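Enquirer: Quick one: the structure is below, and I'll ask about it shortly.
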Amino acid sequence: MSDSQRQNYSHKEKQEVFDQEFMPHINAMYNFAFRLTFDEDDAKDLVQDTYLKAYRFINSFEKGTNAKAWLFRIMKNSFINDFRKKSKEPAKVDYQEVETFYNSDDVDKAITSDLRVEAVQDMMGDEISNALNSLDVDFRTVIILCDLEGFKYDEMAKILDIPIGTVRSRLHRARNLLKEKLRDYAKKMGFKN
């Protein structure tokens, strides 16, 4: 948006836009953040960061347009930037936790290191959650935006900053990957095709 298209909201107008346009979407934003991060605290941090950026750049938002899509785009960009930054950092290990664990009685118990499975159990079945979680972030994101959040293709294209054709092909491929991952589960549940 060029400087001539920027809104010049007063402090009161900024507060009204924030409260009326942005805040109604906070639950959807948290759900999207949780599905991206698989961690409650990280999801809350991502939502907070998104709303902070939304307020900071509120003059770029045109009142009456799709606030939810605007917020989702901010969140997606924040998540990707944070993901890239973290992927370049070396892994951190808390040796005190490792020592405590190996000195405890729990050392012989079989535990899962993937706590994401437990975190999303209540939202959908284990097999579906595991299959969705195993998808690459680009494919998982289009499934979440379209099939879980109900965005239209053109809205998804704006959120993800990709052409609408890429949205369609990525969604088609993501659904096929998910279908393949769930084929055996579907057979166990009695589905024939």
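To be explicit about the labels: the chains of the structure tokens are called A, B, and onward in the order shown, and within each one the residues are counted from 1, while ligands get numbers from 1 in the order they are shown.
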I'd like the neighbourhood of segment 27-36 of chain A as a PyMOL selection string, where a residue qualifies if any of its atoms comes within 9 Å (using only C-alpha atoms), though same-chain residues fewer than 6 positions away should be ignored.

Expert: chain A and resi 42-47+50+68+71-72+75-76+79+120+133+137+140-141+144-145+149

Enquirer: Please determine, counting only C-alpha atoms, which residue among A:Ala69, A:Leu177, A:Ser134, A:Ser129 has the shortest atom-to-atom distance to Leu160 of chain A.

Expert: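 Under the stated criterion, the closest residue is A:Ala69.
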
Enquirer: Go ahead and compute the interatomic distance for atom CA of Val142 of chain A and atom CA of Lys85 of chain A, in Å to one decimal.

Expert: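 According to the coordinates, atom CA of Val142 of chain A and atom CA of Lys85 of chain A are separated by 22.1 Å.
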
Enquirer: Report as a list in words all protein, DNA and RNA residues lying within 10 Å of Glu62 of chain A, evaluated on only C-alpha atoms, omitting residues in the same chain fewer than 2 positions from it.

Expert: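 That gives Met1, Gln5, Arg6, Gln7, Val17, Ile58, Asn59, Ser60, Gly64, Thr65, Asn66, Ala67 and Trp70 of chain A.
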
Enquirer: Take the residues from that selection and put them in a file with C-alpha atoms, as an mmCIF file, in the first residue's frame.

Expert:
data_model
loop_
_atom_site.group_PDB
_atom_site.id
_atom_site.type_symbol
_atom_site.label_atom_id
_atom_site.label_comp_id
_atom_site.auth_asym_id
_atom_site.auth_seq_id
_atom_site.Cartn_x
_atom_site.Cartn_y
_atom_site.Cartn_z
ATOM 1 C CA MET A 1 0.000 0.000 0.000
ATOM 2 C CA GLN A 5 -3.419 4.847 0.279
ATOM 3 C CA ARG A 6 -2.454 4.610 3.948
ATOM 4 C CA GLN A 7 -5.162 5.339 6.474
ATOM 5 C CA VAL A 17 -10.658 -0.779 14.376
ATOM 6 C CA ILE A 58 -2.915 -0.546 11.539
ATOM 7 C CA ASN A 59 -2.637 2.387 9.116
ATOM 8 C CA SER A 60 -2.000 -0.191 6.369
ATOM 9 C CA GLY A 64 -14.231 -2.691 6.158
ATOM 10 C CA THR A 65 -11.976 -5.102 4.243
ATOM 11 C CA ASN A 66 -11.287 -8.704 5.282
ATOM 12 C CA ALA A 67 -9.589 -8.267 8.659
ATOM 13 C CA TRP A 70 -5.137 -9.620 6.881
#

Enquirer: Record the distance separating atom CA of Asn130 of chain A and atom CA of Ala157 of chain A, expressed in Å with one decimal.

Expert: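 Atom CA of Asn130 of chain A sits 26.0 Å away from atom CA of Ala157 of chain A.
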
Enquirer: Identify which of the residues A:Ile26, A:Glu21, A:Ser78, A:Lys179 lies closest to Ile159 of chain A, counting only C-alpha atoms when measuring atom-to-atom distances.

Expert: A:Ser78

Enquirer: Would you mind listing what lies within 9 Å of Leu132 of chain A as a VMD selection string, with only C-alpha atoms counted and same-chain residues fewer than 5 positions away left out?

Expert: chain A and resid 127 139 to 140 143 178 181

Enquirer: If you keep C-alpha atoms, can you produce a file of those selected residues as an mmCIF file, in the first residue's frame?

Expert:
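Generated file (result.cif):
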data_model
loop_
_atom_site.group_PDB
_atom_site.id
_atom_site.type_symbol
_atom_site.label_atom_id
_atom_site.label_comp_id
_atom_site.auth_asym_id
_atom_site.auth_seq_id
_atom_site.Cartn_x
_atom_site.Cartn_y
_atom_site.Cartn_z
ATOM 1 C CA GLU A 127 -4.616 -40.792 12.892
ATOM 2 C CA PHE A 139 0.669 -28.278 2.559
ATOM 3 C CA ARG A 140 -0.541 -28.278 6.164
ATOM 4 C CA ILE A 143 -5.436 -27.601 4.423
ATOM 5 C CA LEU A 178 -3.411 -36.618 3.325
ATOM 6 C CA LYS A 181 -1.578 -41.168 4.585
#
